[in-house]
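What follows is the content of data-v1.txt, which has compact mmCIF, C-alpha atoms and all ligand atoms:
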# COMPACT_ATOMS: atom_id res chain seq x y z
CA MET A 1354 -3.44 -31.74 -0.91
CA LYS A 1355 -7.14 -31.84 -0.04
CA CYS A 1356 -8.91 -29.52 2.39
CA ILE A 1357 -9.95 -31.45 5.53
CA HIS A 1358 -13.17 -29.45 5.70
CA CYS A 1359 -14.52 -29.22 2.12
CA GLN A 1360 -12.37 -31.91 0.41
CA ASN A 1361 -11.44 -29.53 -2.39
CA ASP A 1362 -7.88 -29.27 -3.62
CA ALA A 1363 -5.95 -26.73 -1.60
CA GLY A 1364 -3.94 -24.27 -3.70
CA ILE A 1365 -1.65 -21.37 -2.88
CA THR A 1366 -3.98 -19.98 -0.17
CA TYR A 1367 -3.87 -23.20 1.85
CA ARG A 1368 -3.33 -23.02 5.61
CA ILE A 1369 -2.93 -25.41 8.50
CA ASN A 1370 -3.87 -25.65 12.18
CA HIS A 1371 -1.60 -26.70 15.07
CA ASN A 1372 -2.22 -30.38 14.29
CA GLY A 1373 -0.98 -29.88 10.75
CA ASP A 1374 -4.50 -30.42 9.31
CA LEU A 1375 -4.79 -28.75 5.95
CA PHE A 1376 -7.43 -26.25 4.78
CA CYS A 1377 -7.97 -24.67 1.39
CA SER A 1378 -8.80 -21.22 2.79
CA ASP A 1379 -9.28 -19.09 5.90
CA GLU A 1380 -13.03 -19.66 5.60
CA CYS A 1381 -12.81 -23.45 5.76
CA TYR A 1382 -10.28 -23.18 8.58
CA GLU A 1383 -12.51 -20.93 10.67
CA THR A 1384 -15.66 -22.97 10.09
CA TYR A 1385 -13.88 -26.18 11.00
CA MET A 1386 -12.10 -24.79 14.05
CA ASN A 1387 -15.34 -23.29 15.40
CA THR A 1388 -17.04 -26.67 15.29
CA ILE A 1389 -14.42 -28.61 17.22
CA ASP A 1390 -14.19 -28.25 20.92
CA THR A 1391 -10.50 -28.84 21.48
CA PHE A 1392 -7.40 -26.75 22.03
CA ASN A 1393 -7.64 -24.00 19.44
CA ASP A 1394 -4.71 -22.29 17.76
CA HIS A 1395 -4.94 -18.95 19.52
CA GLY A 1396 -2.74 -19.92 22.42
CA HIS A 1397 -0.04 -21.44 20.24
CA PRO A 1398 3.38 -19.71 20.58
CA TYR A 1399 3.96 -19.59 16.80
CA ILE A 1400 0.46 -18.78 15.55
CA ASP A 1401 1.05 -15.03 15.14
CA GLN A 1402 4.30 -15.54 13.25
CA TYR A 1403 2.70 -18.24 11.11
CA GLU A 1404 -0.27 -16.00 10.26
CA SER A 1405 1.90 -13.02 9.46
CA ILE A 1406 4.45 -14.77 7.22
CA ARG A 1407 1.64 -16.55 5.37
CA ARG A 1408 -0.17 -13.25 4.78
CA ALA A 1409 3.04 -11.52 3.72
CA TYR A 1410 3.90 -14.31 1.31
CA LEU A 1411 0.44 -14.38 -0.30
CA ASP A 1412 0.57 -10.62 -0.72
CA TRP A 1413 4.00 -10.72 -2.40
CA PHE A 1414 3.13 -13.75 -4.49
CA THR A 1415 0.01 -12.03 -5.84
CA ASN A 1416 1.52 -8.63 -6.56
CA TRP A 1417 5.24 -8.74 -7.32
CA GLN A 1418 4.95 -9.24 -11.06
CA THR A 1419 2.24 -6.64 -11.63
CA ASP A 1420 4.20 -4.12 -9.58
CA LEU A 1421 7.26 -4.62 -11.76
CA GLU A 1422 5.25 -4.55 -14.97
CA GLU A 1423 3.61 -1.30 -13.91
CA ALA A 1424 6.98 0.27 -13.13
CA TYR A 1425 8.30 -0.41 -16.65
CA PRO A 1426 9.97 1.49 -18.25
CA ASP A 1427 10.77 3.65 -15.24
CA HIS A 1428 13.80 1.87 -13.73
CA PRO A 1429 12.04 -1.45 -12.96
CA LEU A 1430 15.50 -2.77 -12.08
CA LEU A 1431 15.68 -0.44 -9.09
CA LEU A 1432 12.23 -1.52 -7.98
CA ALA A 1433 13.33 -5.17 -8.24
CA ASP A 1434 16.34 -4.34 -6.00
CA LYS A 1435 14.07 -2.64 -3.51
CA MET A 1436 11.64 -5.57 -3.48
CA ASN A 1437 14.41 -8.04 -2.77
CA ASP A 1438 15.68 -5.86 0.09
CA GLN A 1439 12.16 -5.67 1.53
CA ILE A 1440 11.83 -9.45 1.37
CA ASP A 1441 15.17 -9.73 3.21
CA GLU A 1442 13.71 -7.57 5.97
CA ILE A 1443 10.66 -9.82 6.24
CA MET A 1444 12.78 -12.97 6.30
CA ASN A 1445 15.08 -11.54 8.99
CA GLN A 1446 12.13 -11.53 11.39
CA TYR A 1447 11.96 -15.33 11.19
CA VAL A 1448 15.63 -16.12 11.22
CA ASP A 1449 15.32 -18.55 14.17
CA PHE A 1450 13.07 -20.78 12.10
CA TYR A 1451 15.64 -20.68 9.38
CA TRP A 1452 18.47 -21.95 11.58
CA THR A 1453 16.36 -24.76 13.02
CA LYS A 1454 14.90 -25.58 9.58
CA GLY A 1455 11.44 -25.31 11.14
CA ASP A 1456 12.04 -28.28 13.40
CA ASP A 1457 9.46 -27.50 16.12
CA GLY A 1458 6.00 -28.63 15.10
CA PRO A 1459 3.69 -27.95 12.14
CA PHE A 1460 3.63 -24.14 12.43
CA ALA A 1461 7.43 -23.90 12.63
CA HIS A 1462 7.69 -26.26 9.68
CA GLU A 1463 5.29 -24.08 7.66
CA ILE A 1464 7.15 -20.87 8.56
CA TYR A 1465 10.32 -22.49 7.26
CA GLN A 1466 8.52 -23.47 4.04
CA TYR A 1467 7.45 -19.83 3.55
CA LEU A 1468 11.05 -18.70 4.05
CA LYS A 1469 12.10 -21.05 1.27
CA LYS A 1470 9.25 -19.81 -0.93
CA PHE A 1471 10.37 -16.22 -0.33
CA GLU A 1472 13.89 -17.20 -1.39
CA GLN A 1473 12.46 -18.64 -4.58
CA LEU A 1474 10.46 -15.46 -5.16
CA GLN A 1475 13.62 -13.38 -4.73
CA LYS A 1476 15.24 -15.41 -7.51
CA GLU A 1477 12.25 -14.83 -9.76
CA ILE A 1478 12.36 -11.10 -9.05
CA LEU A 1479 16.10 -11.07 -9.76
CA ASN A 1480 15.60 -12.85 -13.08
CA TRP A 1481 12.53 -10.90 -14.17
CA ARG A 1482 12.90 -8.85 -17.33
CA PRO A 1483 10.20 -6.68 -18.91
CA GLU A 1484 8.13 -7.68 -21.89
CA ARG A 1485 9.15 -4.88 -24.17
CA HIS A 1486 7.05 -3.06 -26.70
CA THR A 1487 8.92 -2.67 -29.99
CA TYR A 1488 8.98 0.81 -31.48
CA TYR A 1489 10.63 1.89 -34.72
CA TYR A 1490 13.45 4.36 -35.07
CA LEU A 1491 14.27 6.32 -38.24
CA SER A 1492 16.92 8.93 -38.96
CA ILE A 1493 17.42 11.04 -42.07
CA HIS A 1494 20.81 12.24 -43.23
CA ASN A 1495 20.50 15.30 -45.43
CA ASP A 1496 21.49 18.98 -45.36
CA PHE A 1497 18.96 19.78 -42.64
CA ASP A 1498 20.18 19.11 -39.13
CA GLU A 1499 16.98 20.05 -37.32
CA TRP A 1500 13.33 19.20 -37.67
CA GLU A 1501 12.51 22.90 -37.53
CA HIS A 1502 14.34 23.51 -40.80
CA PHE A 1503 13.43 20.25 -42.49
CA SER A 1504 9.75 20.75 -41.69
CA LEU A 1505 9.82 24.23 -43.29
CA HIS A 1506 11.33 22.64 -46.36
CA LEU A 1507 8.59 20.00 -46.45
CA LYS A 1508 5.97 22.75 -46.32
CA GLU A 1509 7.72 24.67 -49.11
CA ILE A 1510 7.74 21.66 -51.42
CA ASN A 1511 4.16 20.86 -50.41
CA ALA A 1512 5.01 17.46 -48.87
CA VAL A 1513 2.12 17.81 -46.45
CA LYS A 1514 1.48 14.12 -45.87
CA LEU A 1515 5.11 13.47 -44.96
CA TYR A 1516 5.09 16.49 -42.66
CA PHE A 1517 2.11 15.15 -40.72
CA LEU A 1518 3.52 11.61 -40.60
CA LEU A 1519 6.66 12.96 -38.91
CA ASN A 1520 5.63 16.00 -36.91
CA GLU A 1521 4.29 14.24 -33.79
CA ASN A 1522 7.10 11.70 -33.77
CA VAL A 1523 10.29 13.71 -33.55
CA HIS A 1524 12.97 12.02 -31.47
CA PRO A 1525 13.65 14.15 -28.38
CA TYR A 1526 17.46 14.05 -28.57
CA ASP A 1527 18.83 12.64 -31.78
CA ILE A 1528 19.45 14.84 -34.80
CA LEU A 1529 16.73 14.60 -37.43
CA ALA A 1530 15.45 11.34 -36.07
CA PHE A 1531 11.96 9.98 -35.40
CA TYR A 1532 10.25 7.12 -33.59
CA PHE A 1533 7.00 5.33 -34.35
CA GLU A 1534 4.66 3.16 -32.33
CA THR A 1535 3.91 0.77 -35.18
CA GLU A 1536 5.65 -0.80 -38.12
CA SER A 1537 2.85 0.39 -40.40
CA HIS A 1538 3.57 4.00 -39.42
CA LEU A 1539 7.24 3.40 -40.29
CA HIS A 1540 6.30 1.95 -43.68
CA ALA A 1541 3.96 4.84 -44.41
CA VAL A 1542 6.87 7.22 -43.74
CA LEU A 1543 9.25 5.20 -45.94
CA ASP A 1544 6.72 5.14 -48.80
CA GLU A 1545 6.20 8.86 -48.53
CA LEU A 1546 9.96 9.58 -48.38
CA LYS A 1547 10.34 7.53 -51.56
CA ALA A 1548 7.46 9.40 -53.23
CA VAL A 1549 8.90 12.80 -52.32
CA PHE A 1550 12.68 12.29 -52.52
CA GLY A 1551 13.05 9.11 -54.60
CA GLU A 1552 14.07 5.53 -53.93
CA GLU A 1553 17.79 6.26 -54.10
CA PHE A 1554 17.61 8.92 -51.40
CA VAL A 1555 15.86 6.49 -49.06
CA GLN A 1556 18.46 3.81 -49.73
CA GLU A 1557 21.41 6.10 -49.16
CA SER A 1558 20.29 8.61 -46.58
CA VAL A 1559 17.62 7.01 -44.44
CA TYR A 1560 18.37 4.63 -41.58
CA TYR A 1561 15.68 2.73 -39.68
CA SER A 1562 15.52 -0.08 -37.14
CA PRO A 1563 13.40 -1.51 -34.32
CA ALA A 1564 13.79 0.32 -31.00
CA TYR A 1565 13.00 -0.09 -27.31
CA ILE A 1566 12.54 2.51 -24.62
CA CYS A 1567 15.56 2.91 -22.36
CA GLU A 1568 14.81 1.44 -18.92
CA GLY A 1569 17.02 3.97 -17.15
CA GLU A 1570 16.30 7.59 -16.49
CA CYS A 1571 15.80 9.04 -19.99
CA HIS A 1572 12.96 6.92 -21.47
CA ASP A 1573 14.56 7.56 -24.82
CA TYR A 1574 13.69 5.49 -27.90
CA GLU A 1575 16.89 3.68 -28.67
CA ASP A 1576 17.89 1.56 -31.66
CA ILE A 1577 18.01 -2.04 -30.38
CA GLU A 1578 21.30 -2.59 -32.19
CA ASN A 1579 22.97 0.13 -30.10
CA VAL A 1580 22.60 -1.74 -26.83
CA ASN A 1581 24.44 -4.93 -25.98
CA MET A 1582 21.78 -6.53 -23.82
CA ASN A 1583 23.96 -9.56 -23.09
CA GLU A 1584 26.48 -7.33 -21.38
CA LEU A 1585 23.68 -5.74 -19.36
CA ASN A 1586 22.29 -9.16 -18.38
CA GLY A 1587 19.10 -8.68 -20.35
CA TRP A 1588 18.35 -5.06 -19.38
CA PHE A 1589 17.98 -2.31 -21.95
CA TYR A 1590 19.86 0.85 -20.94
CA CYS A 1591 21.14 3.53 -23.31
CA CYS A 1592 24.83 4.40 -23.02
CA SER A 1593 24.24 7.46 -20.82
CA CYS A 1594 21.96 5.56 -18.44
CA GLU A 1595 24.52 2.77 -18.08
CA MET A 1596 25.95 4.89 -15.28
CA TYR A 1597 23.14 3.40 -13.17
CA LEU A 1598 25.05 0.12 -13.39
CA PRO A 1599 22.40 -2.38 -14.49
CA GLY A 1600 23.08 -6.11 -14.38
CA TYR A 1601 25.60 -8.14 -12.41
CA PHE A 1602 29.33 -8.42 -12.00
CA THR A 1603 30.64 -11.79 -13.13
CA ARG A 1604 31.58 -14.02 -10.20
CA GLU A 1605 35.28 -13.20 -10.71
CA GLU A 1606 34.59 -9.47 -10.87
CA LEU A 1607 32.44 -9.66 -7.76
CA LEU A 1608 35.07 -11.55 -5.78
CA ALA A 1609 37.68 -9.01 -6.90
CA GLU A 1610 35.42 -6.16 -5.67
CA LEU A 1611 34.98 -7.85 -2.30
CA THR A 1612 38.72 -8.50 -1.98
CA ASN A 1613 39.63 -4.94 -2.93
CA ALA A 1614 37.18 -3.57 -0.39
CA THR A 1615 38.68 -5.62 2.44
CA THR A 1616 42.38 -5.32 1.57
CA ASP A 1617 42.55 -1.70 0.45
CA ASP A 1618 41.12 0.87 2.90
CA SER A 1619 40.95 3.62 0.34
CA TYR A 1620 39.03 1.52 -2.21
CA LEU A 1621 35.56 2.03 -0.74
CA GLU A 1622 36.44 5.57 0.25
CA ARG A 1623 36.98 6.39 -3.41
CA LYS A 1624 33.72 4.64 -4.33
CA ARG A 1625 31.88 6.64 -1.66
CA LYS A 1626 32.93 9.88 -3.28
CA SER A 1627 31.43 8.85 -6.59
CA LEU A 1628 27.99 10.17 -7.51
CA TYR A 1629 27.00 6.62 -8.31
CA TYR A 1630 28.06 5.01 -5.06
CA GLU A 1631 24.51 3.85 -4.28
CA PHE A 1632 24.26 2.23 -7.68
CA TYR A 1633 27.56 0.51 -7.10
CA ILE A 1634 26.22 -0.87 -3.79
CA ARG A 1635 23.05 -2.07 -5.52
CA LYS A 1636 25.09 -3.82 -8.17
CA VAL A 1637 27.25 -5.54 -5.55
CA LYS A 1638 24.13 -6.72 -3.69
CA ARG A 1639 22.45 -7.86 -6.90
CA SER A 1640 25.59 -9.75 -7.90
CA CYS A 1641 25.86 -11.40 -4.47
CA ARG A 1642 22.27 -12.58 -4.79
CA TYR A 1643 22.88 -13.82 -8.30
CA HIS A 1644 26.04 -15.75 -7.49
CA ASN A 1645 24.86 -16.88 -4.02
CA VAL A 1646 27.66 -15.01 -2.27
CA GLU A 1647 27.08 -13.62 1.21
CA PHE A 1648 26.73 -9.81 1.48
CA PRO A 1649 29.75 -7.99 2.89
CA ASP A 1650 28.83 -5.67 5.85
CA TRP A 1651 29.61 -2.52 3.91
CA VAL A 1652 26.59 -2.96 1.63
CA ASN A 1653 24.28 -2.36 4.59
CA ILE A 1654 23.72 1.32 3.96
CA GLU A 1655 20.45 3.21 3.70
CA LEU A 1656 19.52 3.23 0.00
CA ASP A 1657 17.42 6.03 -1.37
CA TYR A 1658 14.69 4.27 -3.37
ZN ZN B 1 -11.87 -26.06 2.05
ZN ZN B 2 18.66 6.17 -21.09

For the file at hand, write its structure as structure tokens.
Amino acid sequence: MKCIHCQNDAGITYRINHNGDLFCSDECYETYMNTIDTFNDHGHPYIDQYESIRRAYLDWFTNWQTDLEEAYPDHPLLLADKMNDQIDEIMNQYVDFYWTKGDDGPFAHEIYQYLKKFEQLQKEILNWRPERHTYYYLSIHNDFDEWEHFSLHLKEINAVKLYFLLNENVHPYDILAFYFETESHLHAVLDELKAVFGEEFVQESVYYSPAYICEGECHDYEDIENVNMNELNGWFYCCSCEMYLPGYFTREELLAELTNATTDDSYLERKRKSLYYEFYIRKVKRSCRYHNVEFPDWVNIELDY
């Protein structure tokens, strides 16, 4: 695909005119169109729609991944849901071009191509998972059940180095547990625990493992082993944040949900009363997207993003 004006290869920012001539950029397009004295594009019935879907697509294409990466670890899954809903809204504005498969000249053809590119982008958004930073989790099982008491003990026995290695890294919820940013910090703690309490104590009473941050509400450091990421379709949610219903239903589960909702009037009514109704709706929509099943009407509710 070469630009008709500058002969360079045209990449993602390519555009066309009403003849279907190809340009690498808006600049080449404008320069070229200003030099020819023929029918220009401004009067074309599809030019505004073509310009706006092209702009919208380039904007989404450029930003979707960074937006999700920046949201991590704060519920990026919910942002991904929102993004796919927003793309649906954009695509709905061009639905006529969808039905006719863009069969009405070069602009209509291009609008249809952008609709298909948006569909592809929705799949990428659906399948996106964060690149996770690995932390390290460590818990100590001894007679002290709180850091407050254990830290006093460390001061009493003059284990100052161990105290400082642990003090800024106390786990917010778990009993006498800690988290570290780096493996070397973990190893420094293990060495110091051995020096102070002996090798046997560390073997019998200290547990440690790699950890991720929960991608739900709590942002807790959670032992990787505690979360079955396969069941959550590659998301990392602690057991309390699983109430936000990450991941998809299997196809069979989804079809059963859809059947229950249509055959049993009280089924959705009961769901509506649940605190997590919105999250149930999101999961149904996500699962429909994943399994290429059409949305039922009852998922069209205002979601609070
Ligand atoms: Zn060019
Ligand atoms: Zn959580």

Write out as a tab-separated table (two decimals) with C-alpha atoms, keeping the file's coordinate frame each polymer residue whose atoms come within 10 Å of A:Lys1636, counting all atoms listed in the file; drop sequence neighbours fewer than 5 positions from it.
chain	number	residue	atom	x	y	z
A	1434	ASP	CA	16.34	-4.34	-6.00
A	1597	TYR	CA	23.14	3.40	-13.17
A	1598	LEU	CA	25.05	0.12	-13.39
A	1599	PRO	CA	22.40	-2.38	-14.49
A	1600	GLY	CA	23.08	-6.11	-14.38
A	1601	TYR	CA	25.60	-8.14	-12.41
A	1602	PHE	CA	29.33	-8.42	-12.00
A	1607	LEU	CA	32.44	-9.66	-7.76
A	1630	TYR	CA	28.06	5.01	-5.06
A	1631	GLU	CA	24.51	3.85	-4.28
A	1641	CYS	CA	25.86	-11.40	-4.47
A	1642	ARG	CA	22.27	-12.58	-4.79
A	1652	VAL	CA	26.59	-2.96	1.63

Inset, instruction - Kindly provide, as a VMD selection string, all nucleotide and amino acid residues lying within 9 Å of ligand ZN 2 (chain B), counting all atoms listed in the file. - result: chain A and resid 1566 to 1575 1589 to 1595

Legend entry - 12 Å shell around ligand ZN 1 (chain B) using only C-alpha atoms and all ligand atoms, listed as a ChimeraX atom specification: /A:1354-1364,1366-1369,1374-1385

Excluding stretch 1507-1516 of chain A and its own-chain neighbours fewer than 5 positions away, which residues fall within 8 Å of it when counting all atoms listed in the file? Please give them as a PDB file with C-alpha atoms, in the coordinates of the input.
ATOM      1  CA  VAL A1542       6.870   7.220 -43.740  1.00  0.00           C
ATOM      2  CA  GLU A1545       6.200   8.860 -48.530  1.00  0.00           C
ATOM      3  CA  LEU A1546       9.960   9.580 -48.380  1.00  0.00           C
ATOM      4  CA  VAL A1549       8.900  12.800 -52.320  1.00  0.00           C
TER       5      VAL A1549
END

Inset, instruction - Find the distance between atom CA of A:Val1580 and atom CA of A:Pro1563 and write it in Å to one decimal. - result: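 Result for atom CA of A:Val1580 versus atom CA of A:Pro1563: 11.9 Å, one decimal.
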
Inset, instruction - Choose the residue, out of A:Asn1581, A:His1371, A:Phe1632, A:Ala1564, that has the smallest atom-to-atom separation from A:Asp1457; count all atoms listed in the file. - result: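 The shortest atom-to-atom distance to A:Asp1457 comes from A:His1371.
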
Legend entry - Atomic separation - atom CA of A:Ile1440 relative to atom CA of A:Ile1634, Å: 17.5 Å

Legend entry - Point-to-point distance in Å for atom CA of A:Leu1491 and atom CA of A:Ala1530: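 Value for the atom CA of A:Ala1530-atom CA of A:Leu1491 distance: 5.6 Å.
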
Inset, instruction - Might you pull out every residue within 10 Å of stretch 1469-1483 of chain A, with all atoms listed in the file counted and same-chain residues fewer than 2 positions away left off, and present them as a VMD selection string? - result: chain A and resid 1406 1409 to 1410 1413 to 1414 1417 to 1418 1421 to 1426 1429 to 1430 1432 to 1434 1436 to 1438 1440 to 1441 1443 to 1444 1451 1454 1463 to 1467 1485 to 1486 1568 1586 to 1589 1600 1639 to 1640 1642 to 1643

Legend entry - Close residues, A:Asp1496 itself excluded, 12 Å, only C-alpha atoms, min 5 positions apart in chain, as a VMD selection string: chain A and resid 1502 to 1503 1506 1528 to 1529 1558

Emit the selected residues as an mmCIF file, in the coordinates of the input, including C-alpha atoms.
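Result file follows (result.cif):
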data_model
loop_
_atom_site.group_PDB
_atom_site.id
_atom_site.type_symbol
_atom_site.label_atom_id
_atom_site.label_comp_id
_atom_site.auth_asym_id
_atom_site.auth_seq_id
_atom_site.Cartn_x
_atom_site.Cartn_y
_atom_site.Cartn_z
ATOM 1 C CA HIS A 1502 14.340 23.510 -40.800
ATOM 2 C CA PHE A 1503 13.430 20.250 -42.490
ATOM 3 C CA HIS A 1506 11.330 22.640 -46.360
ATOM 4 C CA ILE A 1528 19.450 14.840 -34.800
ATOM 5 C CA LEU A 1529 16.730 14.600 -37.430
ATOM 6 C CA SER A 1558 20.290 8.610 -46.580
#

Legend entry - Shell around A:Tyr1561 at 8 Å using all atoms listed in the file, local window under 3 positions removed, as a count of residues only: 4

Legend entry - Pick from A:Trp1500, A:Thr1612, A:Asp1427, A:Thr1535 nearest to A:Leu1519, counting all atoms listed in the file: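 That would be A:Trp1500, the residue with the smallest distance to A:Leu1519.
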
Please, what is the axis-aligned box for every listed atom of stretch 1356-1361 of chain A with 4 Å on each side, as centre and edge lengths in Å to one decimal, as lines of an AutoDock Vina configuration file?
center_x = -11.7
center_y = -30.6
center_z = 1.7
size_x = 13.6
size_y = 10.7
size_z = 16.1
